[in-house]
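Input: a single structure, listed below in structure tokens.
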Amino acid sequence: MNATSTEAICVIIAAKNAAGTIGDAIRSALREPEVAEVVVVDDGSSDDTALAASRADDRSGRLNVVSFSQNRGPSAARNHAISVSRSPLIAILDADDFFFPGRFKPMLQEQGWDLIADNIAFIHGSSGAVEPARFEPRPRQISLVEFIEGNISKRGLKRGEIGFLKPVIRRSFLDTHGLRYKEDLRLGEDYEFYVQALAKGARYTVIEHCGYGAIVRHDSLSGRHRTEDLRRLYEADRALQAVPGLLSPKGRAAIVRHERHIRERYELRAFLDTKAQSGKAAAIAWTLRRPMAVPAIATGILSDKLEALRKRSGLDRPVPTQNLRYLLQGVPAAQK
């Protein structure tokens with residue numbers, strides 16, 4: 001390993017039923033000279049995820065595969081990986097994503113950060129033979145308010161929340177502040193984790209250089225969240241608001257906006273669930289008991305109907321998707 005002790009990175013991967021992708025993820029991590037450890041937590045998979053992970057071992061002694069007998073969720077898996085690892089820097093990698101070669105070098109050249117993230121390439125299709133555009137690093141700091149506002153999605157636009165970024169994190173900051181993932185969250189656990197870090201003073205740097213490849217899959221776990229997951233996420237926002245002295249006035253106002261955004265999504269989903277399970281009359285009765293939810297439900301239903309109408313009329317024909325889409329706009333690097 002070429003990394004010094006202060007630069008050594010542990011890559012943690014929470015995996016559930018990822019036998020088909022986990023090998024590529026692990027190999028991309030072990031390829032990086034700065035990586036001293038890769039900890040995979042098989043989160044109660046029903047397939048051969050643990051076996052596939054073990055087969056990706058390069059025999060360098062850096063891979064540690066841990067298996068949970070029951071599914072405990074990504075937060076518990078990541079917390080366990082942090083607890084069994086030792087490296088001073090921690091990097092998150094999803095089990096169906098991968099690192100582009102040379103990911104960490106531009107990040108570690110920056111100074112004065114507690115979290116640092118790079119650009120993400122969203123890839124439609126296979127990861128094979130994909131090369132990202134070369135962007136200048138162009139570092140900038142992300143504030144708490146900017147981060148929260150950047151995680152409020154908008155209808156009709158491709159998802160691009162800042163919460164998708166996968167930073168390298170200093171273990172010393174996490175340990176100083178006793179910071180770990182909230183284990184009852186199965187949606188937005190990254191968002192809540194980073195909000196806590198920023199609220200506690202973390203310096204969050206982002207560079208535009210692209211080193212992370214995210215495979216776009218319609219059947220991903222993050223795309224199959226439950227209505228209950230939305231409720232827990234907006235309640236997590238409320239819990240943050242209740243911590244004395246944690247948030248500045250601007251930070252609190254941003255959290256309130258995010259909570260409202262998630263709560264409105266929850267109210268629409270809960271109404272539709274009630275209608276599907278118990279019929280229209282039950283759904284109307286549910287709504288009458290929650291008059292404050294009426295605007296969110298009405299707006300959501302209208303938006304869904306307009307979107308369906310556009311599709312039926314041919315006005316919303318799919319635009320051919322480029323193989324690569326970047327989360328951050330970047331300036332092409334000068335050719336050397």
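Residue numbering restarts at 1 in every chain; chains get A, B, ... in the order shown in the structure tokens, and ligands count up from 1 in that same order.
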Q | Residue list (strand (DSSP E or B), DSSP) for region 84-245 of chain A, as a ChimeraX atom specification | A | /A:89-92,97-99,115-124,135,140-142,168-170,204-216
(Q) Using DSSP assignments from the backbone, pull out every residue in region 73-313 of chain A that falls under alpha helix (DSSP H) and give it to me as an MDAnalysis selection string. (A) chainID A and resid 74:84 104:108 144:149 171:176 189:199 227:241 249:278 280:288 294:313
Q. In Å, with one decimal, what is the gap from CA of Ala52 (chain A) to CA of Val11 (chain A)?
A. 17.0 Å
Q.
Please list as a VMD selection string every residue within 9 Å of region 287-294 of chain A, counting only C-alpha atoms and excluding residues in the same chain fewer than 6 positions away.
A. chain A and resid 263 to 264 267 to 268 271
Take the residues just selected and output them with N, CA and C atoms as a PDB file, in the first residue's frame.
```
ATOM      1  N   ARG A 263     -42.781  15.139   4.443  1.00  0.00           N
ATOM      2  CA  ARG A 263     -44.099  14.848   5.012  1.00  0.00           C
ATOM      3  C   ARG A 263     -45.183  14.872   3.939  1.00  0.00           C
ATOM      4  N   GLU A 264     -45.081  15.795   2.987  1.00  0.00           N
ATOM      5  CA  GLU A 264     -46.065  15.841   1.902  1.00  0.00           C
ATOM      6  C   GLU A 264     -45.988  14.587   1.038  1.00  0.00           C
ATOM      7  N   GLU A 267     -47.724  11.873   3.086  1.00  0.00           N
ATOM      8  CA  GLU A 267     -49.184  11.998   3.132  1.00  0.00           C
ATOM      9  C   GLU A 267     -49.826  11.498   1.839  1.00  0.00           C
ATOM     10  N   LEU A 268     -49.222  11.809   0.707  1.00  0.00           N
ATOM     11  CA  LEU A 268     -49.749  11.310  -0.563  1.00  0.00           C
ATOM     12  C   LEU A 268     -49.649   9.793  -0.623  1.00  0.00           C
ATOM     13  N   PHE A 271     -52.211   8.150   1.709  1.00  0.00           N
ATOM     14  CA  PHE A 271     -53.561   8.227   1.127  1.00  0.00           C
ATOM     15  C   PHE A 271     -53.746   7.155   0.056  1.00  0.00           C
TER      16      PHE A 271
END
```
Which residues of region 245-287 of chain A come within 9 Å of region 127-146 of chain A, and what is each one's closest atom pair and distance in Å (one decimal), counting only C-alpha atoms, sorted by chain and residue number, as CSV?
```
residue,atom,partner,partner_atom,distance
A:Lys250,CA,A:Val145,CA,6.9
A:Gly251,CA,A:Val145,CA,5.5
A:Arg252,CA,A:Val145,CA,8.7
A:Ala253,CA,A:Val145,CA,8.7
A:Ala254,CA,A:Val145,CA,6.0
A:Ile255,CA,A:Val145,CA,8.2
```
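The protein and nucleic acid residues lying at most 7 Å from Ala95 (chain A) are A:Ile13, A:Ala14, A:Ala15, A:Ala18, A:Thr21, A:Ile22, A:Ala25, with only C-alpha atoms considered and sequence neighbours fewer than 6 positions away removed.
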Based on the selection just made, write N, CA and C atoms of those residues as a compact mmCIF listing (two decimals), in the first residue's frame.
```
# COMPACT_ATOMS: atom_id res chain seq x y z
N ILE A 13 -18.90 -1.31 2.69
CA ILE A 13 -19.94 -1.67 1.74
C ILE A 13 -21.03 -2.45 2.47
N ALA A 14 -22.22 -1.86 2.55
CA ALA A 14 -23.39 -2.57 3.07
C ALA A 14 -24.07 -3.25 1.89
N ALA A 15 -24.30 -4.55 1.98
CA ALA A 15 -24.77 -5.31 0.82
C ALA A 15 -25.93 -6.22 1.20
N ALA A 18 -26.72 -8.78 -3.31
CA ALA A 18 -25.91 -8.08 -4.30
C ALA A 18 -24.87 -9.00 -4.93
N THR A 21 -23.26 -7.93 -8.27
CA THR A 21 -22.52 -6.68 -8.44
C THR A 21 -21.41 -6.49 -7.42
N ILE A 22 -21.46 -7.20 -6.30
CA ILE A 22 -20.54 -6.93 -5.21
C ILE A 22 -19.09 -7.15 -5.61
N ALA A 25 -17.66 -4.06 -7.27
CA ALA A 25 -17.48 -3.00 -6.28
C ALA A 25 -16.21 -3.23 -5.48
```
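The spacing separating CA of Ala202 (chain A) from CA of Asp114 (chain A) amounts to 5.6 Å.
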Q.
Please list as an NGL selection string every residue within 12 Å of Thr227 (chain A), counting only C-alpha atoms and excluding residues in the same chain fewer than 4 positions away.
A. :A and (186-187 or 223 or 231-234 or 262-274)
Q: For region 38-40 of chain A, list every protein, DNA or RNA residue within 10 Å, evaluated using only C-alpha atoms, and leave out those in the same chain fewer than 6 positions away; present the list as a count of residues only.
A: 35
(Q) Give me, as a ChimeraX atom specification, all polymer residues having an atom no more than 9 Å from Ser75 (chain A), counting only C-alpha atoms and skipping those fewer than 5 positions away in the same chain. (A) /A:14,80,180-186,189-190
Using the selection just defined, write its residues with N, CA and C atoms as a tab-separated table (two decimals), in the first residue's frame.
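Wrote part_38.tsv, looks like this:
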```
chain	number	residue	atom	x	y	z
A	14	ALA	N	-22.22	-1.86	2.55
A	14	ALA	CA	-23.39	-2.57	3.07
A	14	ALA	C	-24.07	-3.25	1.89
A	80	HIS	N	-21.65	-1.10	11.91
A	80	HIS	CA	-20.83	-2.27	12.29
A	80	HIS	C	-19.50	-2.24	11.54
A	180	ARG	N	-22.83	8.43	14.48
A	180	ARG	CA	-23.04	7.20	13.74
A	180	ARG	C	-24.38	7.30	13.00
A	181	TYR	N	-24.63	6.33	12.12
A	181	TYR	CA	-25.87	6.32	11.35
A	181	TYR	C	-27.07	6.00	12.25
A	182	LYS	N	-28.21	6.61	11.96
A	182	LYS	CA	-29.44	6.37	12.71
A	182	LYS	C	-30.05	5.06	12.20
A	183	GLU	N	-30.08	4.03	13.05
A	183	GLU	CA	-30.34	2.68	12.58
A	183	GLU	C	-31.81	2.38	12.29
A	184	ASP	N	-32.73	3.24	12.71
A	184	ASP	CA	-34.14	2.98	12.36
A	184	ASP	C	-34.52	3.61	11.03
A	185	LEU	N	-33.56	4.28	10.37
A	185	LEU	CA	-33.82	4.85	9.05
A	185	LEU	C	-33.38	3.88	7.96
A	186	ARG	N	-34.25	3.64	6.99
A	186	ARG	CA	-33.89	2.85	5.81
A	186	ARG	C	-34.05	3.68	4.53
A	189	GLU	N	-30.88	7.79	5.26
A	189	GLU	CA	-29.93	7.64	6.36
A	189	GLU	C	-28.65	8.43	6.11
A	190	ASP	N	-28.23	8.53	4.84
A	190	ASP	CA	-27.05	9.35	4.51
A	190	ASP	C	-27.34	10.82	4.78
```
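With only C-alpha atoms as the atoms that count, the minimum distance from Ala197 (chain A) to the choices A:Ala36, A:Leu246, A:Asp229, A:Gly150 is reached by A:Leu246.
Across the model, the gap from CA of Val195 (chain A) to CA of Leu179 (chain A) is 10.9 Å.
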